Amino acid sequence: MTHGDLPGRIRLSGQRSLRAGLLTVLLLFAPAAGAQQSLHWTTPAGADTRQLDGAIAGLARQLLEGSDADSLTPVQRSHLLLVAGRHAQASAAIAALMQSLREQGNESQAQRWTPYLLMAQAGCPARPGFDRAYAAAFSARFAALDDVSALKTHYWFTTNLPVAQAKLDATLAAHANNASLTREQALDVVRQTAFVETFRVAGRLAPDLIRADEDRRFEIDDAVRIPAAEGVVLSAHVARPRRSASPPPAAMLFTIYTDPARNRTQAALAAAHGYVGVVVDARGKRLGTGTAAPYETEGVDAAAAVDWISQQPWNDGRVVMYGGSYSGFAAWAAAKHAPPALKAIAPYVAAIPGLGLPMENNVFLSANYAWPFYVANNRLLDNDTYNQRARWDALTERWYASGRPYRQIDQVDGTPNPWLQRWLAHPDYDAYWQAMVPYGDDFARIRIPVLSITGYYDDGQVSALQYFREHTRYLPDADHRLLIGPYDHFGTQANVKAMELRGYSVDPVAQFDTDAITFQWFDHVLNGAPLPALLADRVNYQLMGTNRWDHAPSLHAAGGGMKTFHLSSERTDAGYRLMETTAPPAGVLTRTVDFADRNSSRHNYYPWPILRDGPPDNGGLTFVSAPFDQPMDMVGPFTGDLKIRINKRDVDLTVTLYEWQKDGKVMQLSYYVGRASYAADMTTRHLLTPGQWTHVPLQRTRMTGRRLAEGSRLLVVMDVLKDAEHQVNHGTGKDVSDESVADAGEPLRIEWSAESMLRVPLRAAVAE
């Protein structure tokens with residue numbers, strides 16, 4: 001499975017959320033089911049656009065004038081009035097809806113209705129003077145908005161119109177031969193039509209109006225050149241607030257995602273917060289020189305950009321860095337070089353190349369296989385290649401079925417992947433990876449304030465948490481704050497969080513605006529503004545299931561201690577007993593895994609869904625604790641020590657933790673994936689001795705924050721990693737990238753001693 005917005009893994013991206021996401025309005029405001037009223041619907045064969053529009057407008061009028069019109073929701077009524085051509089009424093209805101959303105605290109939801117409001121205020125698109133009326137409505141609307149609100153509202157004028165149009169066309173085609181439609185079908189047709197008509201107009205008129213609004217508020221230069229290392233020149237967007245009385249500090253985002261329109265807007269957003277916004281393109285991108293080299297030159301290049309910015313007359317000599325995923329990594333890469341002007345960094349879901357991707361705990365994974373093509377094939381982004389979803393989805397399965405070495409996966413694809421091959425040459429976390437971000441004593445020299453933001457279900461959390469742990473380990477008094485909650489990779493970066501994530505209903509209090517908290521914190525660090533309440537202590541976490549945020553001075557303090565569980569061989573109703581004791585029991589559990597069998601895979605540790613109806617159906621070893629006799633809070637990462645014996649020289653392992661609730665539902669809490677030979681030291685491989693007991697320490701695991709209900713049980717699944725999304729470790733001791741199915745040999749025989757144990761950060765729940 002490829003990375004991106006598919007469920008398999010992350011897409012390494014600094015994007016907040018795809019602008020195409022506006023299409024989700026079609027789902028967010030789905031019509032409520034009502035009585036199955038039959039509405040007249042006929043379109044002549046070969047109906048032209050005018051006839052079809054008339055038929056849909058007729059549907060809207062029937063719904064507005066029907067016997068159950070009083071049951072229409074405000075959203076439905078707004079769509080119907082707009083499509084029916086009753087523009088004055090539509091304008092009033094939409095304005096009332098927006099006000100209601102604001103009163104409920106849903107400012108972003110209110111903003112997204114602005115394109116509909118302007119459409120209604122301008123009247124019929126076919127009438128003379130419509131374009132002038134739309135422009136006048138736009139100007140009047142945005143004249144009343146401050147810079148931040150204006151930019152956030154600009155966002156909602158762009159969508160993937162071809163996808164929306166294709167969806168509407170398919171819906172109409174499905175009803176082409178119908179003489180009538182049900183109420184639900186009619187509401188769906190009108191809703192989609194309102195969307196397409198609104199954004200067809202927005203796509204034609206809004207870009208120029210938005211650009212003029214930006215130019216009124218900011219001075220933006222899209223062609224800035226910045227000298228960097230080795231004679232390389234980087235390009236950048238620089239946005240300055242027009243109303244600044246004196247040079248402000250600069251907020252810099254360093255990115256390899258070269259989307260000029262999006263990056264211009266990102267620079268303007270920083271300017272809207274009172275900073276000079278600078279979005280710098282990575283080496284070899286857009287207007288710059290040199291060759292794109294993902295991960296390898298960001299540190300020196302970003303540090304050079306910080307130095308250059310600090311010397312410009314429009315900057316007060318202070319620079320901060322921020323951004324998500326790759327851009328978060330770039331902020332840490334710059335901090336490693338300690339440019340004097342760099343005063344703070346705010347990385348979100350920051351990657352650590354070589355630790356979180358393209359390998360995690362020394363296991364290479366295929367989630368980001370297509371990423372190098374996307375970012376390094378040209379000076380912008382290679383969307384044509386990257387968006388070949390079927391190709392990337394099929395590739396891993398084809399490779400897995402072929403039994404060929406992982407190093408040959410690009411041969412299976414048919415296109416060389418030189419960056420993958422470069423990375424595969426470094427299976428250790430060696431000097432190649434260590435040079436990219438702070439490592440070891442480097443952290444002790446990073447004395448600037450840091451705000452790390454990540455999510456419990458962020459695929460890259462293992463990296464974000466490692467930065468926090470290492471920084472506070474090497475510099476105990478580091479001014480480093482961690483903000484974490486129930487978010488995935490994209491949600492962490494988004495200004496509006498999804499309130500349902502993979503089947504889990506998120507606590508309402510978890511909602512916050514990532515951009516807003518970032519600049520509030522920068523204002524605190526640089527200008528002495530109040531510290532945001534959300535960042536009250538070093539560790540700030542949303543305790544799932546309580547609808548509250550908690551704060552602690554350290555991960556240890558947040559967890560409140562560790563409970564020890566042993567993997568006993570005692571049978572229970574659902575597997576084996578997870579025994580809470582410090583005295584290890586006796587017993588051994590044995591499993592075999594045939595790596596020559598490519599028709600099967602092992603337990604899938606990935607949290608999709610997060611909340612499921614019952615325990616996962618898999619071949620792993622399942623351990624279940626006794627029910628908790630009171631609510632328990634699990635806060636922090638788990639650790640452990642696995643005592644295993646195998647008949648080979650290496651093995652890749654997974655450990656997955658769940659809450660098994662009284663009603664039978666199972667919620668995933670955390671997981672670990674890693675290679676046994678690197679578990680103690682990811683820089684050097686230590687092969688196992690066949691037939692000899694070995695201790696495998698569990699480190700670099702993921703954090704969660706969850707109140708486990710009284711009567712719930714802790715469920716743990718231990719397994720051997722074997723699937724199409726990762727290298728297959730056959731256990732020969734050779735470089736795993738060179739092993740093929742011919743190296744499978746006899747099946748792996750793995751024994752788990754009951755002395756194996758997990759340390760889980762569990763404490764009795766603290767009442768509010």
# chains A, B, ... in the order shown; residues from 1 in each chain; ligands from 1
>>> residues_around(residues="Pro747 (chain A)", least_positions_apart="2", cutoff="10 Å", atoms="only C-alpha atoms", output="ChimeraX atom specification")
/A:591-597,647-648,730,744-745,749-750
>>> write_last_selection(atoms="all heavy atoms", output="CSV table (one decimal), in the first residue's frame")
chain,number,residue,atom,x,y,z
A,591,ARG,N,5.8,-20.9,18.5
A,591,ARG,CA,5.1,-20.7,17.2
A,591,ARG,C,6.0,-21.0,16.1
A,591,ARG,O,7.3,-20.9,16.2
A,591,ARG,CB,4.5,-19.3,17.1
A,591,ARG,CG,3.3,-19.0,18.0
A,591,ARG,CD,2.1,-19.8,17.5
A,591,ARG,NE,0.9,-19.5,18.2
A,591,ARG,CZ,0.5,-20.1,19.3
A,591,ARG,NH1,1.3,-21.1,19.8
A,591,ARG,NH2,-0.6,-19.8,19.9
A,592,THR,N,5.5,-21.3,14.9
A,592,THR,CA,6.3,-21.5,13.7
A,592,THR,C,5.8,-20.5,12.6
A,592,THR,O,4.5,-20.3,12.6
A,592,THR,CB,6.3,-22.9,13.2
A,592,THR,OG1,5.0,-23.3,12.9
A,592,THR,CG2,6.9,-23.9,14.2
A,593,VAL,N,6.7,-20.0,11.8
A,593,VAL,CA,6.3,-19.1,10.7
A,593,VAL,C,7.1,-19.6,9.5
A,593,VAL,O,8.3,-19.7,9.5
A,593,VAL,CB,6.6,-17.7,11.0
A,593,VAL,CG1,6.3,-16.8,9.9
A,593,VAL,CG2,5.9,-17.2,12.3
A,594,ASP,N,6.4,-19.8,8.4
A,594,ASP,CA,7.0,-20.3,7.2
A,594,ASP,C,7.1,-19.1,6.2
A,594,ASP,O,6.2,-18.6,5.6
A,594,ASP,CB,6.1,-21.4,6.5
A,594,ASP,CG,6.8,-22.0,5.3
A,594,ASP,OD1,7.9,-21.6,5.0
A,594,ASP,OD2,6.1,-22.8,4.6
A,595,PHE,N,8.4,-18.6,6.1
A,595,PHE,CA,8.6,-17.5,5.2
A,595,PHE,C,8.6,-17.8,3.7
A,595,PHE,O,8.5,-16.9,2.9
A,595,PHE,CB,10.0,-16.8,5.6
A,595,PHE,CG,10.0,-16.1,6.9
A,595,PHE,CD1,10.6,-16.7,8.0
A,595,PHE,CD2,9.3,-14.9,7.0
A,595,PHE,CE1,10.6,-16.0,9.2
A,595,PHE,CE2,9.3,-14.3,8.3
A,595,PHE,CZ,9.9,-14.8,9.3
A,596,ALA,N,8.6,-19.1,3.4
A,596,ALA,CA,8.4,-19.5,2.0
A,596,ALA,C,7.0,-19.4,1.6
A,596,ALA,O,6.7,-19.4,0.4
A,596,ALA,CB,8.9,-21.0,1.9
A,597,ASP,N,6.1,-19.3,2.5
A,597,ASP,CA,4.6,-19.2,2.1
A,597,ASP,C,4.3,-17.8,1.9
A,597,ASP,O,4.1,-17.0,2.9
A,597,ASP,CB,3.8,-19.8,3.3
A,597,ASP,CG,2.3,-19.7,3.0
A,597,ASP,OD1,1.9,-19.3,1.9
A,597,ASP,OD2,1.5,-19.9,4.0
A,647,ASN,N,15.4,-20.5,15.9
A,647,ASN,CA,16.3,-21.4,15.2
A,647,ASN,C,17.0,-20.7,14.1
A,647,ASN,O,17.6,-21.3,13.2
A,647,ASN,CB,15.5,-22.6,14.7
A,647,ASN,CG,14.4,-22.2,13.7
A,647,ASN,OD1,14.0,-21.1,13.7
A,647,ASN,ND2,14.0,-23.2,12.9
A,648,LYS,N,16.9,-19.3,14.0
A,648,LYS,CA,17.6,-18.6,13.0
A,648,LYS,C,18.4,-17.5,13.7
A,648,LYS,O,18.6,-17.5,14.9
A,648,LYS,CB,16.6,-18.0,12.0
A,648,LYS,CG,15.8,-19.1,11.2
A,648,LYS,CD,14.8,-18.5,10.3
A,648,LYS,CE,14.0,-19.6,9.6
A,648,LYS,NZ,14.8,-20.2,8.5
A,730,HIS,N,14.3,-13.1,6.7
A,730,HIS,CA,14.3,-14.6,6.6
A,730,HIS,C,15.2,-15.2,7.7
A,730,HIS,O,15.2,-16.4,7.9
A,730,HIS,CB,14.8,-15.1,5.3
A,730,HIS,CG,13.8,-14.8,4.2
A,730,HIS,ND1,13.8,-13.5,3.5
A,730,HIS,CD2,12.8,-15.5,3.6
A,730,HIS,CE1,12.8,-13.5,2.6
A,730,HIS,NE2,12.2,-14.7,2.6
A,744,ALA,N,14.5,-18.8,2.7
A,744,ALA,CA,13.5,-19.1,3.7
A,744,ALA,C,14.0,-20.3,4.6
A,744,ALA,O,13.9,-20.3,5.8
A,744,ALA,CB,12.2,-19.3,3.2
A,745,GLY,N,14.4,-21.4,3.9
A,745,GLY,CA,14.9,-22.5,4.6
A,745,GLY,C,13.7,-23.1,5.4
A,745,GLY,O,12.5,-23.0,5.1
A,749,ARG,N,11.1,-21.2,14.0
A,749,ARG,CA,10.6,-21.7,15.2
A,749,ARG,C,10.9,-20.7,16.3
A,749,ARG,O,12.1,-20.5,16.6
A,749,ARG,CB,11.1,-23.1,15.6
A,749,ARG,CG,10.5,-23.7,16.8
A,749,ARG,CD,11.0,-25.1,17.0
A,749,ARG,NE,10.3,-25.8,18.1
A,749,ARG,CZ,10.7,-25.8,19.4
A,749,ARG,NH1,11.7,-25.1,19.7
A,749,ARG,NH2,10.0,-26.4,20.3
A,750,ILE,N,9.9,-20.0,16.9
A,750,ILE,CA,10.2,-19.0,17.9
A,750,ILE,C,9.5,-19.4,19.2
A,750,ILE,O,8.4,-19.8,19.2
A,750,ILE,CB,9.7,-17.6,17.5
A,750,ILE,CG1,10.0,-16.6,18.5
A,750,ILE,CG2,8.3,-17.6,17.1
A,750,ILE,CD1,9.9,-15.1,18.0
>>> residues_around(residues="region 448-463 of chain A", least_positions_apart="6", cutoff="6 Å", atoms="only C-alpha atoms", output="PyMOL selection string")
chain A and resi 10+343-349+351-352+356+479-489+492+702+704
>>> closest_atom_pairs(of="region 296-401 of chain A", to="region 413-423 of chain A", cutoff="12 Å", atoms="only C-alpha atoms", output="tab-separated table")
residue	atom	partner	partner_atom	distance
A:Glu296	CA	A:Trp423	CA	11.0
A:Pro353	CA	A:Trp423	CA	9.5
A:Gly354	CA	A:Trp423	CA	8.2
A:Leu355	CA	A:Trp423	CA	11.8
A:Leu357	CA	A:Trp423	CA	10.0
A:Pro358	CA	A:Trp423	CA	7.7
A:Met359	CA	A:Trp423	CA	9.0
A:Asn362	CA	A:Trp423	CA	11.3
A:Val363	CA	A:Trp423	CA	11.8
A:Phe364	CA	A:Trp423	CA	9.3
A:Leu365	CA	A:Leu420	CA	10.7
A:Ser366	CA	A:Leu420	CA	9.8
A:Ala367	CA	A:Leu420	CA	11.9
A:Asn368	CA	A:Leu420	CA	9.6
A:Tyr369	CA	A:Leu420	CA	7.4
A:Ala370	CA	A:Asn417	CA	8.6
A:Trp371	CA	A:Trp419	CA	9.6
A:Pro372	CA	A:Trp419	CA	6.5
A:Phe373	CA	A:Asn417	CA	7.9
A:Tyr374	CA	A:Asn417	CA	11.5
A:Val375	CA	A:Trp419	CA	11.1
A:Ala376	CA	A:Trp419	CA	9.3
A:Asn377	CA	A:Asn417	CA	10.7
A:Thr385	CA	A:Thr415	CA	11.1
A:Ala390	CA	A:Asp413	CA	11.9
A:Arg391	CA	A:Asp413	CA	8.3
A:Trp392	CA	A:Asp413	CA	8.7
A:Asp393	CA	A:Asp413	CA	11.1
A:Ala394	CA	A:Asp413	CA	9.2
A:Leu395	CA	A:Asp413	CA	6.2
A:Thr396	CA	A:Asp413	CA	9.1
A:Glu397	CA	A:Asp413	CA	10.9
A:Arg398	CA	A:Asp413	CA	8.6
A:Trp399	CA	A:Asp413	CA	8.3
>>> select_by_dssp(residues="region 398-633 of chain A", states="helix (DSSP H, G or I)", output="ChimeraX atom specification")
/A:398-402,406-413,418-424,431-434,440-445,461-474,489-493,508-510,514-527,533-535,555-559
>>> atom_distance(atom1="CA of Val75 (chain A)", atom2="CA of Pro128 (chain A)")
28.5 Å
>>> residues_around(residues="Gln434 (chain A)", least_positions_apart="2", cutoff="10 Å", atoms="only C-alpha atoms", output="PyMOL selection string")
chain A and resi 352-355+429-432+436-440+683
>>> closest_residue(among="A:Val666, A:Val278, A:Leu687, A:Ala166", to="Val651 (chain A)", atoms="only C-alpha atoms")
A:Leu687
>>> residues_around(residues="Ala331 (chain A)", least_positions_apart="2", cutoff="7 Å", atoms="only C-alpha atoms", output="ChimeraX atom specification")
/A:321-322,327-329,333-335,345,347
>>> write_last_selection(atoms="all heavy atoms", output="compact mmCIF listing (two decimals), in the first residue's frame")
# COMPACT_ATOMS: atom_id res chain seq x y z
N MET A 321 11.52 28.67 13.16
CA MET A 321 11.16 27.69 12.13
C MET A 321 9.99 26.84 12.64
O MET A 321 9.89 26.56 13.83
CB MET A 321 12.33 26.80 11.76
CG MET A 321 13.43 27.50 10.99
SD MET A 321 14.75 26.35 10.46
CE MET A 321 13.87 25.32 9.26
N TYR A 322 9.16 26.42 11.70
CA TYR A 322 8.00 25.60 12.05
C TYR A 322 7.63 24.75 10.85
O TYR A 322 8.18 24.89 9.75
CB TYR A 322 6.82 26.50 12.46
CG TYR A 322 6.21 27.29 11.31
CD1 TYR A 322 5.00 26.92 10.76
CD2 TYR A 322 6.87 28.39 10.77
CE1 TYR A 322 4.44 27.64 9.71
CE2 TYR A 322 6.33 29.11 9.72
CZ TYR A 322 5.11 28.72 9.20
OH TYR A 322 4.58 29.43 8.16
N SER A 327 8.99 19.30 6.87
CA SER A 327 9.39 20.63 7.33
C SER A 327 9.75 20.61 8.81
O SER A 327 10.61 21.37 9.25
CB SER A 327 8.26 21.64 7.08
OG SER A 327 8.04 21.79 5.69
N GLY A 328 9.10 19.75 9.59
CA GLY A 328 9.51 19.57 10.98
C GLY A 328 10.89 18.98 11.07
O GLY A 328 11.73 19.39 11.90
N PHE A 329 11.18 17.99 10.23
CA PHE A 329 12.53 17.43 10.15
C PHE A 329 13.53 18.51 9.80
O PHE A 329 14.62 18.60 10.39
CB PHE A 329 12.55 16.31 9.10
CG PHE A 329 13.82 16.24 8.29
CD1 PHE A 329 15.00 15.76 8.86
CD2 PHE A 329 13.84 16.67 6.97
CE1 PHE A 329 16.18 15.71 8.11
CE2 PHE A 329 15.01 16.62 6.23
CZ PHE A 329 16.18 16.14 6.79
N ALA A 333 16.91 19.70 11.59
CA ALA A 333 18.17 19.65 10.86
C ALA A 333 18.90 20.98 10.96
O ALA A 333 20.13 21.02 11.13
CB ALA A 333 17.90 19.30 9.39
N ALA A 334 18.17 22.08 10.87
CA ALA A 334 18.80 23.40 11.02
C ALA A 334 19.31 23.59 12.44
O ALA A 334 20.40 24.12 12.66
CB ALA A 334 17.80 24.49 10.66
N ALA A 335 18.50 23.16 13.43
CA ALA A 335 18.91 23.32 14.83
C ALA A 335 20.21 22.58 15.12
O ALA A 335 21.00 23.01 15.97
CB ALA A 335 17.80 22.83 15.75
N ILE A 345 11.98 26.64 17.51
CA ILE A 345 11.41 25.82 16.44
C ILE A 345 10.13 25.18 16.95
O ILE A 345 9.99 24.88 18.14
CB ILE A 345 12.39 24.72 15.94
CG1 ILE A 345 12.78 23.76 17.07
CG2 ILE A 345 13.62 25.35 15.30
CD1 ILE A 345 13.60 22.55 16.58
N PRO A 347 8.28 22.08 15.45
CA PRO A 347 8.08 21.00 14.48
C PRO A 347 6.87 20.14 14.83
O PRO A 347 6.64 19.80 15.98
CB PRO A 347 9.37 20.19 14.61
CG PRO A 347 9.85 20.44 16.02
CD PRO A 347 9.31 21.77 16.45
>>> residues_around(residues="region 541-547 of chain A", least_positions_apart="2", cutoff="6 Å", atoms="only C-alpha atoms", output="ChimeraX atom specification")
/A:483-485,507,509,549-550,705-707
>>> write_last_selection(atoms="N, CA and C atoms", output="PDB file, in the first residue's frame")
ATOM      1  N   LEU A 483       3.095  18.539  22.786  1.00  0.00           N
ATOM      2  CA  LEU A 483       1.637  18.630  22.689  1.00  0.00           C
ATOM      3  C   LEU A 483       1.169  17.428  21.879  1.00  0.00           C
ATOM      4  N   ILE A 484       0.324  16.583  22.476  1.00  0.00           N
ATOM      5  CA  ILE A 484      -0.050  15.330  21.816  1.00  0.00           C
ATOM      6  C   ILE A 484      -1.493  14.992  22.135  1.00  0.00           C
ATOM      7  N   GLY A 485      -2.184  14.425  21.160  1.00  0.00           N
ATOM      8  CA  GLY A 485      -3.582  14.057  21.343  1.00  0.00           C
ATOM      9  C   GLY A 485      -4.001  13.026  20.316  1.00  0.00           C
ATOM     10  N   ASP A 507     -12.812  13.131  21.625  1.00  0.00           N
ATOM     11  CA  ASP A 507     -13.372  14.050  22.619  1.00  0.00           C
ATOM     12  C   ASP A 507     -13.419  15.468  22.046  1.00  0.00           C
ATOM     13  N   VAL A 509     -12.983  18.322  23.325  1.00  0.00           N
ATOM     14  CA  VAL A 509     -11.938  19.229  23.810  1.00  0.00           C
ATOM     15  C   VAL A 509     -10.622  19.053  23.054  1.00  0.00           C
ATOM     16  N   TRP A 549      -7.752  17.961  28.927  1.00  0.00           N
ATOM     17  CA  TRP A 549      -6.305  17.983  28.733  1.00  0.00           C
ATOM     18  C   TRP A 549      -5.634  17.880  30.100  1.00  0.00           C
ATOM     19  N   ASP A 550      -4.532  17.148  30.157  1.00  0.00           N
ATOM     20  CA  ASP A 550      -3.717  17.077  31.359  1.00  0.00           C
ATOM     21  C   ASP A 550      -2.306  17.534  31.032  1.00  0.00           C
ATOM     22  N   GLY A 705      -2.502   8.223  25.421  1.00  0.00           N
ATOM     23  CA  GLY A 705      -3.105   8.809  26.608  1.00  0.00           C
ATOM     24  C   GLY A 705      -4.579   8.458  26.602  1.00  0.00           C
ATOM     25  N   ARG A 706      -4.972   7.499  27.447  1.00  0.00           N
ATOM     26  CA  ARG A 706      -6.331   6.961  27.362  1.00  0.00           C
ATOM     27  C   ARG A 706      -6.810   6.529  28.743  1.00  0.00           C
ATOM     28  N   ARG A 707      -8.046   6.883  29.084  1.00  0.00           N
ATOM     29  CA  ARG A 707      -8.670   6.352  30.295  1.00  0.00           C
ATOM     30  C   ARG A 707      -9.327   5.017  29.946  1.00  0.00           C
TER      31      ARG A 707
END
>>> residues_around(residues="Ala96 (chain A)", least_positions_apart="5", cutoff="10 Å", atoms="only C-alpha atoms", output="list of chain:residue names")
A:Pro74, A:Ser78, A:Ala90, A:Ser91, A:Leu101, A:Arg102
>>> residues_around(residues="Ala767 (chain A)", least_positions_apart="2", cutoff="10 Å", atoms="only C-alpha atoms", output="PyMOL selection string")
chain A and resi 546+631+764-765
>>> write_last_selection(atoms="N, CA and C atoms", output="mmCIF file, in the first residue's frame")
data_model
loop_
_atom_site.group_PDB
_atom_site.id
_atom_site.type_symbol
_atom_site.label_atom_id
_atom_site.label_comp_id
_atom_site.auth_asym_id
_atom_site.auth_seq_id
_atom_site.Cartn_x
_atom_site.Cartn_y
_atom_site.Cartn_z
ATOM 1 N N THR A 546 -11.900 11.255 28.519
ATOM 2 C CA THR A 546 -12.212 12.133 29.654
ATOM 3 C C THR A 546 -12.663 13.518 29.231
ATOM 4 N N PRO A 631 -11.390 2.503 36.920
ATOM 5 C CA PRO A 631 -10.824 3.138 35.726
ATOM 6 C C PRO A 631 -9.316 3.342 35.895
ATOM 7 N N ALA A 764 -4.105 4.422 38.599
ATOM 8 C CA ALA A 764 -5.517 4.604 38.905
ATOM 9 C C ALA A 764 -5.967 5.969 38.414
ATOM 10 N N ALA A 765 -7.144 6.021 37.827
ATOM 11 C CA ALA A 765 -7.651 7.267 37.257
ATOM 12 C C ALA A 765 -7.794 8.330 38.337
#
>>> atom_distance(atom1="CA of Tyr116 (chain A)", atom2="CA of Arg61 (chain A)")
18.3 Å
>>> atom_distance(atom1="CA of Asp537 (chain A)", atom2="CA of Ala510 (chain A)")
16.8 Å
>>> closest_residue(among="A:Asn729, A:Ser756, A:Gln51, A:Gln692", to="Met579 (chain A)", atoms="only C-alpha atoms")
A:Ser756
